[in-house]
Structures are given as C-alpha cells and as structure tokens.
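**Q** Provided below: work.tsv, containing TSV, C-alpha atoms and all ligand atoms.
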```
chain	number	residue	atom	x	y	z
A	268	MET	CA	0.00	0.00	0.00
A	269	SER	CA	1.44	3.39	-0.88
A	270	ILE	CA	0.92	6.41	1.34
A	271	ASP	CA	0.19	9.55	-0.64
A	272	ILE	CA	-1.16	12.23	1.68
A	273	VAL	CA	0.89	15.34	0.87
A	274	ARG	CA	-0.85	17.97	-1.27
A	275	GLU	CA	1.30	20.84	-2.56
A	276	PHE	CA	0.21	24.42	-3.21
A	277	ALA	CA	2.11	27.20	-4.98
A	278	ASP	CA	1.18	30.05	-2.58
A	279	THR	CA	3.90	32.61	-1.93
A	280	THR	CA	2.02	34.82	0.54
A	281	TRP	CA	0.63	34.35	4.08
A	282	THR	CA	-1.98	37.05	3.81
A	283	ALA	CA	-5.64	37.02	2.82
A	284	ASP	CA	-4.93	37.58	-0.88
A	285	GLY	CA	-3.11	34.28	-1.49
A	286	PRO	CA	-4.55	31.86	-4.07
A	287	THR	CA	-5.55	28.87	-1.94
A	288	HIS	CA	-8.90	29.16	-0.11
A	289	ALA	CA	-11.42	26.88	1.53
A	290	VAL	CA	-9.46	23.63	1.65
A	291	GLU	CA	-11.10	22.41	4.88
A	292	ALA	CA	-12.13	19.13	3.24
A	293	LEU	CA	-8.54	18.21	2.38
A	294	VAL	CA	-7.05	18.88	5.80
A	295	GLU	CA	-10.03	17.24	7.56
A	296	ASP	CA	-9.49	14.17	5.38
A	297	GLY	CA	-6.02	13.78	6.92
A	298	MET	CA	-3.94	15.36	4.17
A	299	VAL	CA	-0.73	17.29	4.78
A	300	LEU	CA	-1.06	20.67	3.04
A	301	ALA	CA	2.43	21.70	1.93
A	302	PHE	CA	3.50	25.14	0.67
A	303	PRO	CA	7.06	24.76	-0.65
A	304	ARG	CA	7.26	28.44	-1.66
A	305	LEU	CA	5.92	29.95	1.57
A	306	PRO	CA	8.93	30.75	3.77
A	307	PHE	CA	8.82	32.39	7.19
A	308	VAL	CA	11.42	35.08	6.64
A	309	LEU	CA	13.88	36.18	9.33
A	310	ASP	CA	15.51	39.56	8.89
A	311	GLU	CA	19.27	40.01	9.11
A	312	SER	CA	19.27	40.82	12.83
A	313	GLU	CA	17.06	37.83	13.66
A	314	ARG	CA	19.36	35.25	12.07
A	315	ARG	CA	21.48	35.16	15.22
A	316	PHE	CA	18.60	33.34	16.92
A	317	LEU	CA	19.20	30.29	14.70
A	318	ASP	CA	21.30	28.75	17.43
A	319	PRO	CA	20.32	26.26	20.16
A	320	ARG	CA	22.14	28.34	22.78
A	321	TRP	CA	19.05	30.59	23.04
A	322	ALA	CA	17.08	27.71	24.55
A	323	ASP	CA	17.14	27.49	28.34
A	324	GLY	CA	18.35	23.88	28.32
A	325	LYS	CA	15.23	22.53	30.04
A	326	ALA	CA	12.39	23.08	27.54
A	327	LYS	CA	12.51	21.53	24.07
A	328	ASN	CA	11.12	24.71	22.53
A	329	ILE	CA	11.18	28.45	22.99
A	330	SER	CA	7.52	29.36	23.06
A	331	VAL	CA	4.97	32.10	23.44
A	332	ARG	CA	1.86	31.16	25.43
A	333	TRP	CA	-1.53	32.65	24.67
A	334	PRO	CA	-3.67	34.54	25.49
A	335	GLY	CA	-1.09	36.29	27.71
A	336	GLY	CA	1.80	36.26	25.24
A	337	GLU	CA	4.50	35.25	27.78
A	338	LEU	CA	7.79	33.98	26.41
A	339	ARG	CA	9.05	30.66	27.86
A	340	GLY	CA	11.97	28.33	27.44
A	341	THR	CA	14.75	30.81	26.68
A	342	ALA	CA	17.79	32.12	28.50
A	343	ALA	CA	17.65	35.39	26.53
A	344	THR	CA	17.33	38.65	28.47
A	345	GLY	CA	16.70	42.32	27.77
A	346	ALA	CA	16.60	43.45	24.14
A	347	ASP	CA	17.42	39.92	22.90
A	348	ARG	CA	14.44	38.59	24.76
A	349	GLU	CA	12.12	41.22	23.26
A	350	ALA	CA	13.43	40.57	19.73
A	351	LEU	CA	13.01	36.82	20.12
A	352	ARG	CA	9.48	37.26	21.41
A	353	ALA	CA	8.62	39.59	18.50
A	354	LEU	CA	9.88	36.96	16.02
A	355	ILE	CA	7.66	34.25	17.51
A	356	VAL	CA	4.64	36.56	17.77
A	357	ARG	CA	5.06	37.48	14.09
A	358	TYR	CA	4.98	33.80	13.24
A	359	ALA	CA	1.77	33.36	15.27
A	360	GLU	CA	0.12	36.21	13.37
A	361	GLN	CA	1.20	34.97	9.93
A	362	ALA	CA	0.18	31.40	10.71
A	363	GLU	CA	-3.21	32.60	11.90
A	364	ALA	CA	-3.77	34.71	8.77
A	365	LEU	CA	-2.88	31.68	6.65
A	366	ALA	CA	-5.13	29.31	8.60
A	367	LEU	CA	-8.12	31.65	8.34
A	368	ARG	CA	-7.62	32.00	4.60
A	369	LEU	CA	-7.23	28.26	4.05
A	370	PHE	CA	-10.12	27.44	6.38
A	371	PRO	CA	-12.68	30.29	6.34
A	372	HIS	CA	-15.25	27.88	7.84
A	373	TYR	CA	-13.27	28.03	11.12
A	374	ALA	CA	-13.46	31.82	11.48
A	375	GLY	CA	-14.45	32.84	15.00
A	376	HIS	CA	-13.80	29.32	16.36
A	377	LEU	CA	-10.09	28.65	15.84
A	378	ARG	CA	-8.26	29.19	19.13
A	379	ARG	CA	-4.58	30.08	19.21
A	380	GLY	CA	-2.42	27.63	21.19
A	381	ASN	CA	1.33	27.84	21.84
A	382	SER	CA	3.65	29.35	19.26
A	383	SER	CA	7.08	27.82	19.24
A	384	PHE	CA	10.55	28.12	17.84
A	385	ARG	CA	12.62	24.93	17.87
A	386	PRO	CA	16.30	25.78	17.34
A	387	SER	CA	17.60	22.33	18.32
A	388	GLN	CA	18.31	19.34	16.14
A	389	VAL	CA	15.56	16.69	16.17
A	390	GLN	CA	16.48	14.34	19.02
A	391	THR	CA	17.11	10.93	17.57
A	392	ARG	CA	17.84	9.37	20.95
A	393	GLN	CA	15.33	9.62	23.76
A	394	SER	CA	15.44	8.24	27.27
A	395	SER	CA	11.85	7.03	26.91
A	396	TRP	CA	10.17	5.33	23.94
A	397	ARG	CA	6.98	7.18	24.82
A	398	GLN	CA	8.68	10.54	24.19
A	399	ASP	CA	10.48	9.36	21.07
A	400	ASP	CA	8.92	11.39	18.25
A	401	THR	CA	11.03	9.61	15.64
A	402	ARG	CA	8.44	6.83	16.04
A	403	LEU	CA	5.20	7.14	14.07
A	404	HIS	CA	2.41	8.49	16.29
A	405	ILE	CA	-0.65	10.68	16.51
A	406	ASP	CA	-0.39	13.57	18.97
A	407	ALA	CA	-1.95	12.90	22.38
A	408	PHE	CA	-0.64	14.23	25.68
A	409	PRO	CA	-1.02	12.59	29.11
A	410	SER	CA	-1.38	15.82	31.12
A	411	ASN	CA	-3.45	17.74	28.59
A	412	PRO	CA	-6.73	15.96	27.76
A	413	MET	CA	-8.31	17.35	24.58
A	414	GLN	CA	-11.79	15.83	25.15
A	415	GLY	CA	-12.22	15.61	21.38
A	416	THR	CA	-10.96	19.10	20.52
A	417	ARG	CA	-8.83	19.14	17.36
A	418	LEU	CA	-5.13	19.94	17.18
A	419	LEU	CA	-4.30	21.85	13.99
A	420	ARG	CA	-0.63	22.70	13.47
A	421	VAL	CA	1.26	25.00	11.11
A	422	PHE	CA	4.99	24.30	10.69
A	423	SER	CA	7.75	26.15	8.83
A	424	ASN	CA	11.26	24.97	8.15
A	425	ILE	CA	13.60	27.96	8.67
A	426	ASN	CA	16.89	26.07	8.40
A	427	PRO	CA	19.56	28.42	6.95
A	428	ALA	CA	21.85	25.64	5.67
A	429	GLY	CA	19.54	23.84	3.25
A	430	GLU	CA	18.69	21.03	5.68
A	431	PRO	CA	15.20	19.55	5.19
A	432	ARG	CA	12.78	18.72	7.99
A	433	GLN	CA	12.43	14.98	7.55
A	434	TRP	CA	9.18	13.28	8.42
A	435	ARG	CA	7.61	9.91	7.98
A	436	VAL	CA	3.84	9.76	7.58
A	437	GLY	CA	1.60	6.71	7.82
A	438	GLU	CA	-1.79	5.08	7.31
A	439	SER	CA	-5.13	6.88	7.73
A	440	PHE	CA	-6.54	7.49	11.20
A	441	GLU	CA	-9.32	4.96	10.68
A	442	GLU	CA	-6.92	2.23	9.53
A	443	HIS	CA	-4.68	3.05	12.47
A	444	ALA	CA	-7.55	2.92	14.96
A	445	ARG	CA	-8.73	-0.43	13.58
A	446	ARG	CA	-5.20	-1.81	14.04
A	447	TYR	CA	-5.06	-1.19	17.80
A	448	LEU	CA	-8.63	-0.66	19.09
A	449	PRO	CA	-9.30	-4.37	19.78
A	450	ARG	CA	-6.44	-4.34	22.35
A	451	ILE	CA	-7.46	-1.15	24.18
A	452	ARG	CA	-9.39	-1.73	27.41
A	453	ARG	CA	-11.83	0.71	28.94
A	454	PRO	CA	-10.44	3.08	31.58
A	455	LEU	CA	-10.79	2.11	35.23
A	456	PRO	CA	-13.80	3.69	36.95
A	457	ALA	CA	-12.86	6.87	38.87
A	458	SER	CA	-9.35	7.02	37.33
A	459	ALA	CA	-10.22	10.15	35.30
A	460	TRP	CA	-11.68	11.86	38.37
A	461	LEU	CA	-8.63	10.96	40.47
A	462	MET	CA	-6.10	12.21	37.86
A	463	HIS	CA	-7.94	15.52	37.60
A	464	ALA	CA	-8.39	15.88	41.38
A	465	THR	CA	-4.68	15.28	42.03
A	466	GLY	CA	-3.53	17.60	39.24
A	467	ILE	CA	-2.04	14.92	36.97
A	468	THR	CA	-4.35	16.15	34.20
A	469	LYS	CA	-5.38	19.75	33.50
A	470	ARG	CA	-9.00	18.70	33.00
A	471	ARG	CA	-10.94	15.46	33.07
A	472	ARG	CA	-9.46	12.72	30.86
A	473	THR	CA	-12.43	11.45	28.87
A	474	GLU	CA	-12.62	8.02	27.29
A	475	TYR	CA	-11.66	9.76	24.03
A	476	ASP	CA	-8.38	10.87	25.63
A	477	HIS	CA	-7.86	7.40	27.08
A	478	VAL	CA	-8.19	5.80	23.63
A	479	MET	CA	-6.01	8.45	21.92
A	480	LEU	CA	-3.22	7.97	24.49
A	481	HIS	CA	-3.38	4.22	23.98
A	482	LEU	CA	-3.20	4.65	20.20
A	483	HIS	CA	-0.15	6.90	20.67
A	484	ASP	CA	1.55	4.41	22.99
A	485	SER	CA	0.53	1.28	21.07
A	486	ALA	CA	2.09	2.60	17.86
A	487	LYS	CA	5.29	3.78	19.53
A	488	ALA	CA	5.73	0.48	21.42
A	489	ASP	CA	5.19	-1.64	18.30
A	490	LEU	CA	8.60	-1.96	16.65
A	491	ASP	CA	7.26	-4.20	13.87
A	492	PHE	CA	4.73	-1.53	12.98
A	493	GLN	CA	7.41	1.17	13.12
A	494	ARG	CA	9.63	-0.78	10.74
A	495	ASP	CA	7.14	-2.49	8.42
A	496	GLY	CA	3.87	-0.52	8.77
A	497	PRO	CA	2.60	1.48	5.79
A	498	GLN	CA	4.61	4.69	5.61
A	499	ALA	CA	6.25	7.25	3.37
A	500	ARG	CA	9.21	9.53	3.82
A	501	VAL	CA	8.53	13.27	3.33
A	502	ASP	CA	11.21	15.95	3.24
A	503	PHE	CA	10.16	19.56	3.85
A	504	ALA	CA	12.86	21.79	2.39
A	505	PRO	CA	13.78	25.11	4.00
A	506	GLY	CA	11.23	27.73	2.96
A	507	THR	CA	8.39	25.21	3.20
A	508	THR	CA	5.32	25.67	5.40
A	509	TRP	CA	2.97	22.77	6.06
A	510	VAL	CA	-0.38	22.41	7.79
A	511	VAL	CA	-1.74	19.26	9.38
A	512	TYR	CA	-4.16	17.88	11.95
A	513	SER	CA	-1.51	16.23	14.12
A	514	ASP	CA	-4.13	14.36	16.20
A	515	GLN	CA	-5.17	12.56	12.98
A	516	VAL	CA	-2.13	12.25	10.71
A	517	LEU	CA	0.35	9.59	11.76
A	518	HIS	CA	3.76	11.30	11.75
A	519	ALA	CA	7.36	10.96	12.93
A	520	ALA	CA	10.10	13.62	12.96
A	521	MET	CA	13.30	11.99	11.69
A	522	GLY	CA	15.65	14.93	11.34
A	523	GLY	CA	16.13	18.63	10.83
A	524	GLN	CA	16.90	21.77	12.81
A	525	HIS	CA	15.29	25.22	13.15
A	526	MET	CA	11.54	25.11	12.83
A	527	MET	CA	8.58	27.30	13.72
A	528	GLU	CA	5.31	25.76	14.87
A	529	GLN	CA	1.90	27.23	15.66
A	530	THR	CA	-0.83	25.17	17.33
A	531	PHE	CA	-4.54	25.91	16.98
A	532	TYR	CA	-7.48	24.29	18.75
A	533	LEU	CA	-10.87	23.74	17.16
A	534	ASP	CA	-13.90	22.11	18.73
A	535	VAL	CA	-15.28	19.22	16.70
A	536	GLU	CA	-18.64	20.85	15.99
A	537	HIS	CA	-16.87	23.66	14.09
A	538	LEU	CA	-15.25	21.33	11.57
A	539	GLN	CA	-16.77	21.47	8.13
A	540	ARG	CA	-17.27	17.70	8.30
A	541	PRO	CA	-17.24	16.57	11.95
A	542	ALA	CA	-17.66	12.92	10.91
A	543	THR	CA	-14.01	12.87	9.76
A	544	SER	CA	-12.73	13.76	13.25
A	545	PRO	CA	-10.87	11.24	15.42
A	546	LEU	CA	-13.68	11.59	18.01
A	547	HIS	CA	-16.47	10.65	15.62
A	548	THR	CA	-14.35	8.01	13.87
A	549	LEU	CA	-13.62	6.28	17.19
A	550	GLU	CA	-17.26	6.58	18.33
A	551	ARG	CA	-18.41	5.00	15.08
A	552	LEU	CA	-15.90	2.12	15.35
A	553	LEU	CA	-16.67	1.51	19.05
A	554	ARG	CA	-20.41	2.17	18.70
A	555	ARG	CA	-20.59	4.31	21.84
A	556	PRO	CA	-20.00	7.91	22.87
A	557	LEU	CA	-16.51	8.71	24.18
A	558	ARG	CA	-17.31	11.76	26.30
B	1	FE	FE	3.85	14.64	17.09
```
Would you mind writing the structure in this file as structure tokens?
Ligand SMILES: [Fe+2]
**A**
Amino acid sequence: MSIDIVREFADTTWTADGPTHAVEALVEDGMVLAFPRLPFVLDESERRFLDPRWADGKAKNISVRWPGGELRGTAATGADREALRALIVRYAEQAEALALRLFPHYAGHLRRGNSSFRPSQVQTRQSSWRQDDTRLHIDAFPSNPMQGTRLLRVFSNINPAGEPRQWRVGESFEEHARRYLPRIRRPLPASAWLMHATGITKRRRTEYDHVMLHLHDSAKADLDFQRDGPQARVDFAPGTTWVVYSDQVLHAAMGGQHMMEQTFYLDVEHLQRPATSPLHTLERLLRRPLR
C-alpha cells in the first residue's frame, strides 16, 4: 500500500490575498497541506537566533503562550528577549492569517495555542520510547486531555543551511484505529476523576483521551509496525510551510533543525465535516460515545 497524503500548493504569501482558499475538506481528510514556496522570513538581525544556545536547556522549545503572550523556554534577556518574542509573535500572526484563509469555515472558532521556535536538532535518541517522536504516532498528551478538541498545526522549516525537515507519515486514522482498538481496554472507573483531582491532568481525561493515548503508545511500542507498517518519507525543504491535523495524521520527525510551529485548537462541531474527526471516527468504530 502506498501512502500519498501530501498535497502541494504554490502560494507565496501568508496574507488574505493568497490563491488557496477553503481547503477544509482536504485537511479534515487527513492530508498534509504543503507550501514549498511559503517561507517564514527572518531579517538580518534575527538570524542570530538560529542557534540552540538561546534555549534554556530545560524546555525543548522556545515558546509564546496565549492569550497572555509570555515567552518561555529561553535564557535570553533584555533586548534579545524582546526581539526573540517579536519573532515568535510574528509567526503566530502569519500562521493565523494563513489558517483563516485556508479554512474560512473556522473563522471565529479557531483558538490560538502555543507558538514555538525549535532551534535544536531533532532528538534521535530519547530516554523514553513514549517521548520518542522519531516513532510514528498521533499527537496525544497525558497531562493535557483534549476531550475531542482538534489539534491543527502550522509548521515552517527555517533552516539556513539547506537542511530539510524529515518526516515519515503513515496510514489513515481509521486504519490506524482499527489496528489497535481491539487491544485497548476501557479506563478504570474513577481514574479520570482521580487524575484531575490530584492535578495529573489539567481537566478530566475522557474516554476519548484514554483511547487516543493508547493509540499513541501502542504505535510507539510496536517496533514491527514502526519498521514495516505502511509509511512514506517526506522531506520539507527550508522555505516550506505545512499544515496538518496532528491528532489525525500519523507522523514521525526523523531529522532537521530550526523550525517554527503554531498550534490551533478547534472544537469538533466547528469542523466542516465533523464525521471525519478522530472523536467521531472512534465513536463509530466503538459504537458508543466517548465523552
Ligand atoms: Fe507529534
């Protein structure tokens, strides 16, 4: 089976007057929308930030959190700190303008999540298999239950030395769910309440979150699937921007350095076709609500 989920567009502008509009159906179908001629441009004085030394050594990313706009994860101070923050905020604004042009159906409903700059090389060796993003996975986070809310991400490769961002992508969400669902047990009664009450999770972990975490872990723990499962290699050259529902598209980051990323949240009912969502796909396969 060949995996062919990347769709390329010739856009050269982030703003509302670019050529590509209303492609909700493609992204909701689990396609990767790639814009090889849509660079995020750093000016001369900003190029100094293309260096991992600006990271604080603890966080993987330097990020701006919304709605407050605080900068996190950097050792920079003073004017450097302000310039670095301005760079990331500019990325957030351009990514948002692009998303609202590509997906006008989401206007008024798309919520801005973290904006991040990742100046470090993709980590190819992790202490834990669960955190190893060089293994194919869908995004699901133990401490941050999504309760069905979608995770839309805009990425840009800003590598100055010609190095591509290397990904693998895999089978469709439904095929992936069918592969592991039979082995996933229901959560223990009261476990979701307990995790929320003790602060392990930011909000209640629904059965949707339970299943998504198990899909994430099942794929990463399955070395046969990682090696032999349906997959394709995708290289995103510098100057490329790409847009993807990372809770739906099976992906792995294999290499690259210097990337921007903007996360957006969208509640399922605001999709153009909610039936394509992981929530509704899982509910259909399991024949019960996962709330
Ligand atoms: Fe991921």
**Q** Hey, which residues sit close to ligand FE 1 (chain B)? Say within 8 Å, counting all atoms listed in the file, and write them as a list in words.
**A**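 Within the 8 Å cut-off, the matching residues are Asp400, His404, Ile405, Asp406, Ser513, His518, Ala519 and Ala520 of chain A.
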**Q** Which residues come within 7 Å of Asp278 of chain A, counting all atoms listed in the file, excluding same-chain residues fewer than 3 positions away, as a list in words?
**A**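 Residues meeting the cut-off are Gly285, Pro286, Thr287, Phe302, Arg304 and Leu305 of chain A.
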**Q** What's the 10 Å shell around Asp534 of chain A, counting all atoms listed in the file, without same-chain residues fewer than 4 positions away, as a ChimeraX atom specification?
**A** /A:373,376-378,413-418,538,541
**Q** Which distance in Å separates atom CA of Arg551 of chain A and atom CA of Pro409 of chain A, to one decimal?
**A** 23.6 Å
**Q** When you count only C-alpha atoms, which of these residues is closest to Ser395 of chain A: A:Ala488, A:Leu455, A:Leu546, A:Ala504?
**A** A:Ala488
**Q** What is the distance between atom CA of His288 of chain A and atom CA of Pro306 of chain A, in Å to one decimal?
**A**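 Between atom CA of His288 of chain A and atom CA of Pro306 of chain A the gap is 18.3 Å.
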**Q** Quick one: residues within 7 Å of segment 326-341 of chain A, only C-alpha atoms, excluding same-chain residues fewer than 6 positions away - as a list in words?
**A**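 In the requested format, the answer is Arg352, Ile355, Arg379, Gly380, Asn381, Ser382, Ser383, Phe384 and Arg385 of chain A.
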**Q** Grab the atom CA of Gly297 of chain A to atom CA of Ala542 of chain A distance for me, in Å with one decimal place.
**A**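 For atom CA of Gly297 of chain A relative to atom CA of Ala542 of chain A, the distance reads 12.3 Å.
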**Q** With distances taken over only C-alpha atoms, which residue among A:Asp318, A:Glu360, A:Asp495, A:Asp347 lies nearest Gln388 of chain A?
**A** A:Asp318
**Q** Some atoms are missing, so please complete segment 509-520 of chain A with N, CA, C and O atoms and return it as a short mmCIF file (atom, residue, chain, number, x, y, z; two decimals), in the coordinates of the input.
**A**
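Produced file selection-v2.cif, reproduced below:
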```cif
data_model
loop_
_atom_site.label_atom_id
_atom_site.label_comp_id
_atom_site.auth_asym_id
_atom_site.auth_seq_id
_atom_site.Cartn_x
_atom_site.Cartn_y
_atom_site.Cartn_z
N TRP A 509 3.96 23.84 6.23
CA TRP A 509 2.97 22.77 6.06
C TRP A 509 1.96 22.78 7.20
O TRP A 509 2.25 23.26 8.28
N VAL A 510 0.75 22.30 6.89
CA VAL A 510 -0.38 22.41 7.79
C VAL A 510 -1.02 21.03 7.92
O VAL A 510 -1.27 20.36 6.92
N VAL A 511 -1.30 20.63 9.16
CA VAL A 511 -1.74 19.26 9.38
C VAL A 511 -2.54 19.15 10.68
O VAL A 511 -2.29 19.88 11.63
N TYR A 512 -3.53 18.26 10.69
CA TYR A 512 -4.16 17.88 11.95
C TYR A 512 -3.30 16.80 12.58
O TYR A 512 -3.34 15.64 12.18
N SER A 513 -2.50 17.18 13.59
CA SER A 513 -1.51 16.23 14.12
C SER A 513 -2.14 15.21 15.07
O SER A 513 -1.47 14.28 15.50
N ASP A 514 -3.43 15.38 15.41
CA ASP A 514 -4.13 14.36 16.20
C ASP A 514 -4.73 13.28 15.29
O ASP A 514 -5.38 12.35 15.74
N GLN A 515 -4.53 13.44 13.97
CA GLN A 515 -5.17 12.56 12.98
C GLN A 515 -4.15 11.93 12.04
O GLN A 515 -4.29 10.76 11.67
N VAL A 516 -3.14 12.72 11.67
CA VAL A 516 -2.13 12.25 10.71
C VAL A 516 -0.99 11.57 11.48
O VAL A 516 -0.38 12.18 12.35
N LEU A 517 -0.74 10.33 11.16
CA LEU A 517 0.35 9.59 11.76
C LEU A 517 1.67 10.18 11.24
O LEU A 517 1.87 10.25 10.03
N HIS A 518 2.55 10.60 12.17
CA HIS A 518 3.76 11.30 11.75
C HIS A 518 4.92 10.95 12.67
O HIS A 518 4.72 10.53 13.81
N ALA A 519 6.14 11.14 12.16
CA ALA A 519 7.36 10.96 12.93
C ALA A 519 8.37 11.96 12.42
O ALA A 519 8.50 12.15 11.21
N ALA A 520 9.09 12.62 13.34
CA ALA A 520 10.10 13.62 12.96
C ALA A 520 11.46 12.93 12.97
O ALA A 520 11.95 12.52 14.01
#
```
